[in-house]
$ cat query-v3.cif   # mmCIF, C-alpha atoms and all ligand atoms
data_final
#
loop_
_atom_site.label_atom_id
_atom_site.label_comp_id
_atom_site.auth_asym_id
_atom_site.auth_seq_id
_atom_site.Cartn_x
_atom_site.Cartn_y
_atom_site.Cartn_z
CA MET Z 11 -51.42 72.75 -110.53
CA LYS Z 12 -49.03 69.97 -111.45
CA SER Z 13 -46.57 72.33 -113.26
CA PHE Z 14 -46.09 74.31 -110.01
CA VAL Z 15 -45.65 71.33 -107.82
CA VAL Z 16 -42.81 69.74 -109.75
CA PRO Z 17 -40.40 72.73 -109.73
CA PHE Z 18 -41.14 73.33 -106.07
CA LEU Z 19 -40.42 69.70 -105.33
CA VAL Z 20 -37.11 69.87 -107.23
CA LEU Z 21 -36.17 73.09 -105.44
CA GLY Z 22 -37.19 71.59 -102.16
CA LEU Z 23 -35.05 68.53 -102.78
CA ALA Z 24 -32.00 70.62 -103.76
CA PHE Z 25 -32.49 72.75 -100.61
CA SER Z 26 -32.84 69.75 -98.36
CA CYS Z 27 -29.65 68.19 -99.79
CA SER Z 28 -27.54 71.28 -99.24
CA GLN Z 29 -28.80 72.22 -95.75
CA PRO Z 30 -28.21 70.40 -92.45
CA LYS Z 31 -31.31 68.37 -91.61
CA GLU Z 32 -33.65 69.89 -89.09
CA GLU Z 33 -35.45 67.41 -86.90
CA VAL Z 34 -39.18 67.48 -87.36
CA LYS Z 35 -40.73 67.57 -83.92
CA THR Z 36 -43.94 65.59 -83.60
CA GLU Z 37 -45.94 64.97 -80.46
CA ALA Z 38 -44.48 61.81 -78.86
CA GLU Z 39 -46.92 58.91 -78.95
CA PRO Z 40 -47.31 57.41 -75.45
CA GLU Z 41 -45.49 54.07 -75.53
CA ALA Z 42 -48.00 51.22 -75.39
CA SER Z 43 -47.57 49.27 -72.16
CA LYS Z 44 -46.68 45.62 -72.51
CA PHE Z 45 -48.33 44.92 -69.13
CA ASN Z 46 -51.99 43.99 -68.73
CA HIS Z 47 -52.41 45.34 -65.18
CA LYS Z 48 -51.11 48.32 -63.22
CA PRO Z 49 -49.01 48.26 -60.03
CA LEU Z 50 -51.19 48.76 -56.94
CA VAL Z 51 -48.45 50.55 -55.00
CA GLU Z 52 -45.80 52.85 -56.48
CA THR Z 53 -44.31 54.45 -53.35
CA ILE Z 54 -42.41 51.40 -52.09
CA TYR Z 55 -41.56 48.03 -53.63
CA THR Z 56 -43.97 45.24 -52.69
CA ALA Z 57 -44.15 41.52 -53.51
CA ASP Z 58 -45.78 38.20 -52.57
CA PRO Z 59 -49.25 39.70 -51.95
CA SER Z 60 -51.50 37.66 -49.65
CA ALA Z 61 -54.98 39.16 -49.81
CA HIS Z 62 -57.91 38.66 -47.44
CA VAL Z 63 -61.27 40.28 -46.81
CA PHE Z 64 -61.38 41.58 -43.24
CA GLU Z 65 -64.02 43.99 -41.91
CA GLY Z 66 -65.54 44.24 -45.42
CA LYS Z 67 -62.32 45.55 -47.00
CA ILE Z 68 -59.51 43.92 -48.94
CA TYR Z 69 -56.33 43.75 -46.86
CA ILE Z 70 -53.04 42.92 -48.56
CA TYR Z 71 -50.06 41.46 -46.70
CA PRO Z 72 -47.04 41.65 -49.01
CA SER Z 73 -43.27 41.44 -48.64
CA HIS Z 74 -41.54 44.83 -48.62
CA ASP Z 75 -38.69 44.71 -51.15
CA ILE Z 76 -35.74 47.05 -50.62
CA GLU Z 77 -32.52 47.98 -52.43
CA THR Z 78 -29.64 45.90 -51.10
CA GLU Z 79 -25.90 45.43 -51.59
CA VAL Z 80 -26.31 41.68 -51.06
CA ALA Z 81 -25.19 39.80 -54.20
CA GLU Z 82 -27.78 37.78 -56.15
CA ASP Z 83 -27.55 33.99 -55.74
CA ASP Z 84 -29.70 30.85 -56.11
CA MET Z 85 -30.55 30.94 -52.39
CA GLY Z 86 -32.34 34.29 -52.81
CA SER Z 87 -29.91 36.18 -50.52
CA HIS Z 88 -30.73 39.35 -52.47
CA PHE Z 89 -34.28 39.26 -51.04
CA ASP Z 90 -33.08 40.95 -47.86
CA MET Z 91 -36.31 42.41 -46.51
CA LYS Z 92 -36.46 44.02 -43.08
CA ASP Z 93 -40.11 44.90 -42.39
CA TYR Z 94 -43.71 44.52 -43.49
CA HIS Z 95 -46.30 47.10 -44.51
CA VAL Z 96 -50.01 46.28 -44.68
CA PHE Z 97 -52.27 47.77 -47.39
CA SER Z 98 -56.03 47.98 -47.72
CA MET Z 99 -58.60 48.94 -50.31
CA GLU Z 100 -62.36 49.46 -49.94
CA LYS Z 101 -63.02 47.68 -53.23
CA PRO Z 102 -61.18 46.45 -56.33
CA GLY Z 103 -60.00 49.45 -58.33
CA GLY Z 104 -60.30 51.74 -55.28
CA ALA Z 105 -57.54 53.77 -53.60
CA VAL Z 106 -54.87 51.67 -51.86
CA THR Z 107 -53.97 52.75 -48.32
CA ASP Z 108 -50.50 52.05 -46.96
CA HIS Z 109 -50.93 51.52 -43.20
CA GLY Z 110 -47.19 51.84 -42.61
CA VAL Z 111 -44.81 49.47 -40.85
CA ALA Z 112 -46.70 46.56 -39.28
CA LEU Z 113 -43.71 44.53 -38.04
CA LYS Z 114 -39.93 45.04 -38.08
CA LEU Z 115 -37.15 42.44 -38.18
CA GLU Z 116 -35.51 44.03 -35.13
CA ASP Z 117 -38.70 43.38 -33.12
CA VAL Z 118 -38.62 39.63 -33.77
CA ALA Z 119 -36.38 38.20 -31.03
CA TRP Z 120 -35.56 34.91 -32.79
CA ALA Z 121 -35.06 36.25 -36.35
CA GLY Z 122 -31.73 36.96 -38.03
CA ARG Z 123 -32.58 38.12 -41.53
CA GLN Z 124 -34.86 38.00 -44.58
CA LEU Z 125 -38.52 38.62 -43.84
CA TRP Z 126 -40.04 36.76 -46.79
CA ALA Z 127 -43.62 36.22 -48.00
CA PRO Z 128 -46.18 36.56 -45.16
CA ASP Z 129 -49.87 35.79 -44.75
CA ALA Z 130 -52.54 36.70 -42.22
CA ALA Z 131 -55.67 35.32 -40.54
CA ALA Z 132 -58.46 36.72 -38.36
CA LYS Z 133 -60.08 34.94 -35.41
CA ASP Z 134 -62.27 36.24 -32.59
CA GLY Z 135 -61.32 39.89 -33.10
CA LYS Z 136 -57.58 39.22 -33.24
CA TYR Z 137 -55.34 39.26 -36.30
CA TYR Z 138 -52.38 36.96 -36.87
CA LEU Z 139 -49.48 37.66 -39.20
CA TYR Z 140 -47.56 34.54 -40.22
CA PHE Z 141 -44.11 35.25 -41.59
CA PRO Z 142 -40.92 33.39 -42.51
CA ALA Z 143 -37.47 34.57 -41.45
CA LYS Z 144 -34.05 33.00 -41.11
CA ASP Z 145 -33.19 32.40 -37.47
CA LYS Z 146 -29.79 33.33 -36.00
CA ASN Z 147 -28.38 30.09 -37.52
CA ASP Z 148 -29.63 31.10 -40.97
CA ILE Z 149 -32.36 28.44 -41.03
CA PHE Z 150 -35.85 29.47 -42.18
CA LYS Z 151 -38.61 29.13 -39.60
CA ILE Z 152 -42.15 30.50 -39.51
CA GLY Z 153 -43.14 33.03 -36.90
CA VAL Z 154 -46.44 34.57 -35.86
CA ALA Z 155 -47.26 38.05 -34.63
CA VAL Z 156 -50.56 39.22 -33.11
CA SER Z 157 -52.59 42.44 -33.29
CA ASP Z 158 -56.05 43.80 -32.46
CA ARG Z 159 -56.25 45.39 -35.90
CA PRO Z 160 -55.88 43.89 -39.40
CA GLU Z 161 -53.27 46.52 -40.29
CA GLY Z 162 -51.22 45.98 -37.12
CA PRO Z 163 -48.89 46.91 -35.56
CA PHE Z 164 -48.21 43.27 -34.77
CA THR Z 165 -46.34 41.89 -31.77
CA ALA Z 166 -44.20 38.87 -32.57
CA GLU Z 167 -44.22 35.76 -30.39
CA PRO Z 168 -40.79 35.22 -28.82
CA GLU Z 169 -40.14 31.91 -30.64
CA PRO Z 170 -40.97 30.58 -34.11
CA ILE Z 171 -43.97 28.23 -34.36
CA ALA Z 172 -42.77 24.84 -33.11
CA GLY Z 173 -42.77 22.19 -35.84
CA THR Z 174 -42.48 24.66 -38.73
CA PHE Z 175 -39.61 24.77 -41.18
CA SER Z 176 -38.89 26.31 -44.58
CA MET Z 177 -40.93 29.38 -45.64
CA ASP Z 178 -43.90 30.87 -47.54
CA PRO Z 179 -46.67 30.36 -44.96
CA ALA Z 180 -50.27 30.67 -46.16
CA VAL Z 181 -53.40 30.24 -44.06
CA PHE Z 182 -56.51 28.52 -45.36
CA GLN Z 183 -59.64 29.01 -43.27
CA GLU Z 184 -62.67 26.77 -43.43
CA GLY Z 185 -65.27 27.68 -40.82
CA ASN Z 186 -63.57 27.49 -37.43
CA GLU Z 187 -60.64 25.52 -38.77
CA TYR Z 188 -57.42 27.19 -39.88
CA PHE Z 189 -54.69 25.39 -41.78
CA LEU Z 190 -51.11 26.58 -42.21
CA LEU Z 191 -49.46 25.67 -45.52
CA PHE Z 192 -45.76 26.19 -46.03
CA GLY Z 193 -42.59 25.14 -47.82
CA GLY Z 194 -40.36 26.06 -50.71
CA ILE Z 195 -37.27 24.59 -52.36
CA TRP Z 196 -33.87 26.16 -53.24
CA GLY Z 197 -33.72 29.38 -51.15
CA GLY Z 198 -36.68 28.08 -49.14
CA GLN Z 199 -34.44 25.24 -47.79
CA LEU Z 200 -37.14 22.52 -47.97
CA GLN Z 201 -34.61 20.21 -49.68
CA TRP Z 202 -32.50 20.21 -46.51
CA TYR Z 203 -35.16 18.18 -44.61
CA GLU Z 204 -35.97 14.50 -44.45
CA ASP Z 205 -38.95 13.34 -42.38
CA GLN Z 206 -39.22 16.99 -41.26
CA LYS Z 207 -35.71 16.84 -39.72
CA LEU Z 208 -32.93 19.12 -40.85
CA ILE Z 209 -30.11 17.04 -42.32
CA GLU Z 210 -26.80 18.43 -41.08
CA GLY Z 211 -24.36 19.44 -43.77
CA ARG Z 212 -26.86 20.09 -46.57
CA LYS Z 213 -26.07 23.37 -48.24
CA GLY Z 214 -27.17 25.31 -51.32
CA PRO Z 215 -30.18 25.12 -53.60
CA THR Z 216 -29.88 21.56 -54.96
CA ASP Z 217 -28.35 19.59 -52.07
CA GLY Z 218 -31.20 17.22 -51.14
CA ILE Z 219 -33.33 17.78 -54.26
CA PRO Z 220 -34.55 14.37 -55.51
CA THR Z 221 -33.32 13.13 -58.89
CA ALA Z 222 -35.47 13.96 -61.93
CA ASP Z 223 -37.36 10.63 -61.92
CA GLN Z 224 -38.13 10.70 -58.18
CA LYS Z 225 -41.17 12.23 -56.52
CA ALA Z 226 -40.85 16.02 -56.26
CA LEU Z 227 -40.73 17.74 -52.89
CA MET Z 228 -44.24 18.83 -51.91
CA PRO Z 229 -45.66 21.59 -49.68
CA PHE Z 230 -46.78 20.90 -46.10
CA ILE Z 231 -50.01 21.55 -44.22
CA ALA Z 232 -50.96 21.48 -40.54
CA LYS Z 233 -54.06 22.53 -38.64
CA LEU Z 234 -53.48 25.52 -36.37
CA GLY Z 235 -54.32 25.18 -32.67
CA ALA Z 236 -57.05 27.24 -30.96
CA SER Z 237 -54.45 29.83 -29.91
CA MET Z 238 -53.49 30.37 -33.59
CA THR Z 239 -49.86 30.58 -32.44
CA GLU Z 240 -49.11 26.85 -32.48
CA LEU Z 241 -49.72 23.82 -34.67
CA ASP Z 242 -52.38 21.36 -33.60
CA GLU Z 243 -50.75 18.44 -35.39
CA LYS Z 244 -47.57 17.29 -37.07
CA PRO Z 245 -47.40 18.81 -40.58
CA LYS Z 246 -48.40 16.50 -43.42
CA GLU Z 247 -47.04 16.50 -46.95
CA ILE Z 248 -49.62 17.58 -49.58
CA LEU Z 249 -49.36 15.22 -52.54
CA ILE Z 250 -49.69 16.72 -56.02
CA LEU Z 251 -50.49 14.05 -58.62
CA ASP Z 252 -50.40 13.99 -62.40
CA GLU Z 253 -53.29 12.89 -64.65
CA ASN Z 254 -52.36 9.22 -64.04
CA GLY Z 255 -52.52 9.52 -60.28
CA GLU Z 256 -48.71 9.45 -59.96
CA PRO Z 257 -46.89 12.02 -57.80
CA ILE Z 258 -45.41 14.81 -59.93
CA LYS Z 259 -41.70 14.11 -60.45
CA ALA Z 260 -38.81 16.35 -59.43
CA GLY Z 261 -37.73 16.67 -63.08
CA ASP Z 262 -41.17 17.86 -64.21
CA ASN Z 263 -40.14 21.50 -63.81
CA ASN Z 264 -43.24 22.91 -65.52
CA ARG Z 265 -45.55 21.30 -62.96
CA ARG Z 266 -43.65 20.51 -59.79
CA PHE Z 267 -44.07 22.52 -56.58
CA PHE Z 268 -41.34 25.09 -55.93
CA GLU Z 269 -42.78 27.63 -53.43
CA ALA Z 270 -45.71 30.02 -52.72
CA ALA Z 271 -48.50 27.54 -51.88
CA TRP Z 272 -52.00 29.02 -51.61
CA MET Z 273 -55.32 27.29 -50.98
CA HIS Z 274 -58.88 28.35 -51.70
CA LYS Z 275 -62.22 26.60 -52.12
CA TYR Z 276 -64.48 27.07 -55.13
CA ASN Z 277 -67.74 25.22 -55.78
CA GLY Z 278 -66.98 22.56 -53.17
CA LYS Z 279 -63.47 21.80 -54.50
CA TYR Z 280 -60.16 22.69 -52.87
CA TYR Z 281 -57.67 24.45 -55.11
CA LEU Z 282 -53.96 24.32 -54.29
CA SER Z 283 -51.94 26.82 -56.32
CA TYR Z 284 -48.18 27.30 -56.23
CA SER Z 285 -45.16 28.66 -58.08
CA THR Z 286 -43.11 26.34 -60.28
CA GLY Z 287 -40.04 28.51 -59.57
CA ASP Z 288 -37.48 28.12 -62.33
CA THR Z 289 -40.22 27.70 -64.96
CA HIS Z 290 -42.07 30.69 -63.49
CA PHE Z 291 -45.71 29.52 -63.63
CA ILE Z 292 -48.38 29.70 -60.97
CA ALA Z 293 -49.81 26.21 -61.38
CA TYR Z 294 -52.86 24.72 -59.68
CA ALA Z 295 -54.24 21.37 -58.67
CA THR Z 296 -57.64 20.40 -57.26
CA GLY Z 297 -58.72 17.97 -54.56
CA ASP Z 298 -61.47 16.94 -52.17
CA SER Z 299 -59.71 17.70 -48.87
CA PRO Z 300 -57.28 20.42 -47.71
CA TYR Z 301 -54.83 17.59 -47.01
CA GLY Z 302 -55.02 16.38 -50.62
CA PRO Z 303 -54.19 14.53 -52.68
CA PHE Z 304 -54.44 17.18 -55.39
CA THR Z 305 -54.45 16.58 -59.13
CA TYR Z 306 -52.59 18.99 -61.39
CA GLN Z 307 -54.93 21.01 -63.65
CA GLY Z 308 -52.96 23.78 -65.38
CA ASN Z 309 -51.77 27.32 -64.81
CA VAL Z 310 -53.40 30.18 -62.96
CA LEU Z 311 -50.79 32.68 -64.15
CA ASP Z 312 -48.21 32.62 -66.93
CA PRO Z 313 -44.64 33.81 -66.20
CA VAL Z 314 -44.38 37.47 -65.22
CA GLU Z 315 -41.59 39.99 -65.73
CA GLY Z 316 -38.93 39.12 -63.10
CA TRP Z 317 -37.74 35.71 -61.85
CA THR Z 318 -40.19 35.05 -59.03
CA ASN Z 319 -43.89 34.41 -59.33
CA HIS Z 320 -46.11 34.50 -56.23
CA HIS Z 321 -49.83 35.04 -55.80
CA SER Z 322 -52.99 34.81 -53.73
CA ILE Z 323 -56.64 34.28 -54.66
CA VAL Z 324 -59.54 35.87 -52.80
CA GLU Z 325 -63.30 36.27 -53.24
CA PHE Z 326 -64.80 39.74 -52.76
CA GLU Z 327 -68.50 40.47 -53.23
CA GLY Z 328 -69.09 37.42 -55.44
CA LYS Z 329 -66.09 37.89 -57.75
CA TRP Z 330 -62.70 36.24 -57.53
CA TYR Z 331 -59.41 38.12 -57.72
CA LEU Z 332 -55.82 37.13 -58.33
CA PHE Z 333 -53.07 39.12 -56.61
CA TYR Z 334 -49.55 38.73 -57.94
CA HIS Z 335 -46.35 40.71 -58.51
CA ASP Z 336 -43.96 41.55 -61.31
CA THR Z 337 -41.08 43.98 -61.81
CA GLU Z 338 -42.76 46.61 -64.01
CA LEU Z 339 -41.57 49.58 -61.90
CA SER Z 340 -37.91 48.61 -61.44
CA GLY Z 341 -37.03 46.02 -64.07
CA LYS Z 342 -35.09 44.27 -61.27
CA THR Z 343 -36.01 40.87 -59.81
CA PRO Z 344 -35.63 41.80 -56.11
CA LEU Z 345 -37.62 45.06 -56.48
CA ARG Z 346 -41.15 44.00 -57.25
CA ASN Z 347 -44.61 45.59 -57.32
CA ILE Z 348 -47.95 44.00 -56.51
CA LYS Z 349 -50.89 43.87 -58.93
CA MET Z 350 -54.40 42.44 -59.05
CA THR Z 351 -56.90 41.30 -61.64
CA GLU Z 352 -60.17 39.41 -61.78
CA LEU Z 353 -59.90 35.63 -61.95
CA LYS Z 354 -62.37 33.72 -64.10
CA TYR Z 355 -63.51 30.11 -63.85
CA LEU Z 356 -64.79 28.05 -66.76
CA PRO Z 357 -68.04 26.09 -66.28
CA ASP Z 358 -66.05 22.89 -65.54
CA GLY Z 359 -64.21 24.60 -62.66
CA LYS Z 360 -60.97 25.17 -64.59
CA ILE Z 361 -59.29 28.54 -64.14
CA GLU Z 362 -58.74 30.81 -67.13
CA THR Z 363 -54.98 31.36 -67.21
CA VAL Z 364 -54.08 35.01 -66.50
CA LYS Z 365 -51.47 36.71 -68.66
CA SER Z 366 -49.65 39.62 -67.10
CA LEU Z 367 -47.94 40.49 -70.40
CA LYS Z 368 -49.69 41.39 -73.67
O1 LIG S 1 -40.01 37.37 -51.55
C1 LIG S 1 -39.05 36.38 -51.23
C2 LIG S 1 -39.39 35.09 -51.88
O2 LIG S 1 -39.47 35.25 -53.28
C3 LIG S 1 -40.74 34.53 -51.51
O3 LIG S 1 -40.82 34.02 -50.23
C4 LIG S 1 -40.91 33.58 -52.62
O4 LIG S 1 -42.18 33.03 -52.74
C5 LIG S 1 -40.50 34.42 -53.80
O5 LIG S 1 -41.54 35.25 -54.24
#
$ encode --input "query-v3.cif" --output "structure tokens" --more "lines below"
Ligand code: FUB
Amino acid sequence: MKSFVVPFLVLGLAFSCSQPKEEVKTEAEPEASKFNHKPLVETIYTADPSAHVFEGKIYIYPSHDIETEVAEDDMGSHFDMKDYHVFSMEKPGGAVTDHGVALKLEDVAWAGRQLWAPDAAAKDGKYYLYFPAKDKNDIFKIGVAVSDRPEGPFTAEPEPIAGTFSMDPAVFQEGNEYFLLFGGIWGGQLQWYEDQKLIEGRKGPTDGIPTADQKALMPFIAKLGASMTELDEKPKEILILDENGEPIKAGDNNRRFFEAAWMHKYNGKYYLSYSTGDTHFIAYATGDSPYGPFTYQGNVLDPVEGWTNHHSIVEFEGKWYLFYHDTELSGKTPLRNIKMTELKYLPDGKIETVKSLK
């Protein structure tokens, strides 16, 4: 056998040297995905998913990202969203229904631009959509819109909620009590306030940010009134402390609050989770009251593809789920897609950090 093989090999080599190479076509291997979870919605871009269980289903209230000509800057001007869609699913892993436009910018009398991350609550058969938008003076306020159905359409109140400022509202419900959390630095404008008053002349992402060794800016919380369309009290700052009981410092970029506050309760403890912004984590802290103080514990979610990181946490039929977004579909920061995955707790109540990338 060997004596045949060698001459054929030599001939073959000579032939291959003198002829132009022909490409050998093999079946293309599907490229392995670097992402651990799949986008929930592929028909439009979605971000900042706030999930709740209403009427036995999971309802998701995300931002609706769109292509824009607006140039990217550190104030987030390129997040130029103009409406909200609501989505629902019967169960995790089930089909996701897009219920269409639930609220439009043009139907909010006080709003000028940028419908950012919303949240929702249900009370006595009515549904409330809380949303941030810049008013006609380009200052973020938080509005509320009401509907008889979880998917809307929602009708916006004529004015923003008195006493609110900044953005990223999230509602935490405990029994008959509802708390509105809010706030965010840089594009969220929280650094422009002192004692909850807008300081004239502050501009840009860092004007008003404390120095690195000072206490970081913190999110705010206020109980909602019985009408759900007004605050029942003056907002209070939620303190986030380090392991020594000291407030997290403004220069502690891996742990300090940036935006996207969310609250949930697990095994009798309150969990406050939030984005660290320019370090891109979803961090969390635990406490014994919704008002805090909270003590930093670690990360819920490692950085995702894309600049922003924003999430929600919800319990459904005895399991906990994390909703978040990344930019798998577009590769572009302002065009995001929402995802979900199960969230696991360790026996000591710590959260197992989720990785969106392999
Ligand atoms: O979607 C606009 C903004 O980006 C949100 O309000 C922030 O939390 C960040 O995700």
$ residues_around --input "query-v3.cif" --residues "stretch 148-153 of chain Z" --least-positions-apart "4" --cutoff "9 Å" --atoms "all atoms listed in the file" --output "ChimeraX atom specification"
/Z:118,120-124,139-144,166-179,192,198-199,239
$ closest_residue --input "query-v3.cif" --among "Z:Ile348, Z:Leu113, Z:Met99, Z:Leu234" --to "ligand LIG 1 (chain S)" --atoms "only C-alpha atoms and all ligand atoms"
Z:Ile348
$ closest_atom_pairs --input "query-v3.cif" --of "chain Z" --to "ligand LIG 1 (chain S)" --cutoff "7 Å" --atoms "only C-alpha atoms and all ligand atoms" --output "JSON lines"
{"residue": "Z:Ala57", "atom": "CA", "partner": "S:LIG1", "partner_atom": "O1", "distance": 6.2}
{"residue": "Z:Asp58", "atom": "CA", "partner": "S:LIG1", "partner_atom": "O5", "distance": 5.4}
{"residue": "Z:Ser73", "atom": "CA", "partner": "S:LIG1", "partner_atom": "O1", "distance": 6.0}
{"residue": "Z:Phe89", "atom": "CA", "partner": "S:LIG1", "partner_atom": "C1", "distance": 5.6}
{"residue": "Z:Trp126", "atom": "CA", "partner": "S:LIG1", "partner_atom": "O3", "distance": 4.5}
{"residue": "Z:Ala127", "atom": "CA", "partner": "S:LIG1", "partner_atom": "O3", "distance": 4.2}
{"residue": "Z:Met177", "atom": "CA", "partner": "S:LIG1", "partner_atom": "O3", "distance": 6.5}
{"residue": "Z:Asp178", "atom": "CA", "partner": "S:LIG1", "partner_atom": "O3", "distance": 5.2}
{"residue": "Z:Glu269", "atom": "CA", "partner": "S:LIG1", "partner_atom": "O4", "distance": 5.5}
{"residue": "Z:Ala270", "atom": "CA", "partner": "S:LIG1", "partner_atom": "O4", "distance": 4.6}
{"residue": "Z:Thr318", "atom": "CA", "partner": "S:LIG1", "partner_atom": "O5", "distance": 5.0}
{"residue": "Z:Asn319", "atom": "CA", "partner": "S:LIG1", "partner_atom": "O5", "distance": 5.7}
{"residue": "Z:His320", "atom": "CA", "partner": "S:LIG1", "partner_atom": "O5", "distance": 5.0}
$ residues_around --input "query-v3.cif" --residues "Z:Asn309" --least-positions-apart "4" --cutoff "8 Å" --atoms "all atoms listed in the file" --output "list in words"
Phe291, Ile292, Ala293, Tyr294, Ile361 and Thr363 of chain Z
$ atom_distance --input "query-v3.cif" --atom1 "atom CA of Z:Leu345" --atom2 "atom CA of Z:Glu79"
12.7 Å
$ closest_residue --input "query-v3.cif" --among "Z:Ala38, Z:Phe326, Z:Lys244, Z:Leu191" --to "Z:Ser283" --atoms "only C-alpha atoms"
Z:Leu191
$ residues_around --input "query-v3.cif" --residues "Z:His88" --least-positions-apart "2" --cutoff "12 Å" --atoms "only C-alpha atoms" --output "list in words"
Asp75, Ile76, Glu77, Thr78, Glu79, Val80, Ala81, Glu82, Asp83, Asp84, Met85, Gly86, Asp90, Met91, Lys92, Arg123, Gln124, Leu125, Trp126, Gly197, Lys342, Thr343, Pro344 and Leu345 of chain Z
$ closest_residue --input "query-v3.cif" --among "Z:Ala61, Z:Leu50, Z:Leu339, Z:Ala132" --to "Z:Gly185" --atoms "only C-alpha atoms"
Z:Ala132
$ atom_distance --input "query-v3.cif" --atom1 "atom CA of Z:Tyr55" --atom2 "atom CA of Z:Val96"
12.4 Å
$ residues_around --input "query-v3.cif" --residues "Z:Thr165" --least-positions-apart "4" --cutoff "9 Å" --atoms "all atoms listed in the file" --output "list in words"
Ala112, Leu113, Asp117, Val118, Val154, Ala155, Val156 and Ser157 of chain Z
$ atom_distance --input "query-v3.cif" --atom1 "atom CA of Z:Gln183" --atom2 "atom CA of Z:Phe267"
21.5 Å
$ closest_residue --input "query-v3.cif" --among "Z:Pro313, Z:Pro49, Z:Gly103, Z:Gly308" --to "Z:Gly359" --atoms "all atoms listed in the file"
Z:Gly308
$ decode --input "query-v3.cif" --residues "stretch 267-295 of chain Z" --atoms "C-alpha atoms" --output "PDB file, in the first residue's frame"
ATOM      1  CA  PHE Z 267     -24.884  54.533  43.528  1.00  0.00           C
ATOM      2  CA  PHE Z 268     -25.183  55.872  39.981  1.00  0.00           C
ATOM      3  CA  GLU Z 269     -28.766  55.118  38.802  1.00  0.00           C
ATOM      4  CA  ALA Z 270     -31.406  52.363  38.367  1.00  0.00           C
ATOM      5  CA  ALA Z 271     -32.423  51.732  41.999  1.00  0.00           C
ATOM      6  CA  TRP Z 272     -34.624  48.684  42.602  1.00  0.00           C
ATOM      7  CA  MET Z 273     -35.945  47.245  45.863  1.00  0.00           C
ATOM      8  CA  HIS Z 274     -37.196  43.786  46.758  1.00  0.00           C
ATOM      9  CA  LYS Z 275     -37.636  41.791  49.949  1.00  0.00           C
ATOM     10  CA  TYR Z 276     -36.219  38.309  50.468  1.00  0.00           C
ATOM     11  CA  ASN Z 277     -36.388  36.279  53.684  1.00  0.00           C
ATOM     12  CA  GLY Z 278     -37.346  39.317  55.777  1.00  0.00           C
ATOM     13  CA  LYS Z 279     -34.496  41.520  54.463  1.00  0.00           C
ATOM     14  CA  TYR Z 280     -34.792  44.496  52.127  1.00  0.00           C
ATOM     15  CA  TYR Z 281     -32.474  44.438  49.129  1.00  0.00           C
ATOM     16  CA  LEU Z 282     -31.570  47.677  47.373  1.00  0.00           C
ATOM     17  CA  SER Z 283     -29.883  47.090  44.021  1.00  0.00           C
ATOM     18  CA  TYR Z 284     -28.552  49.738  41.651  1.00  0.00           C
ATOM     19  CA  SER Z 285     -26.209  50.445  38.763  1.00  0.00           C
ATOM     20  CA  THR Z 286     -22.698  51.732  39.460  1.00  0.00           C
ATOM     21  CA  GLY Z 287     -22.765  53.511  36.075  1.00  0.00           C
ATOM     22  CA  ASP Z 288     -19.240  54.095  34.821  1.00  0.00           C
ATOM     23  CA  THR Z 289     -18.027  50.822  36.384  1.00  0.00           C
ATOM     24  CA  HIS Z 290     -21.074  49.032  34.939  1.00  0.00           C
ATOM     25  CA  PHE Z 291     -22.069  46.724  37.828  1.00  0.00           C
ATOM     26  CA  ILE Z 292     -25.483  46.086  39.300  1.00  0.00           C
ATOM     27  CA  ALA Z 293     -24.537  46.213  42.976  1.00  0.00           C
ATOM     28  CA  TYR Z 294     -26.718  45.453  45.979  1.00  0.00           C
ATOM     29  CA  ALA Z 295     -26.981  46.320  49.635  1.00  0.00           C
TER      30      ALA Z 295
END
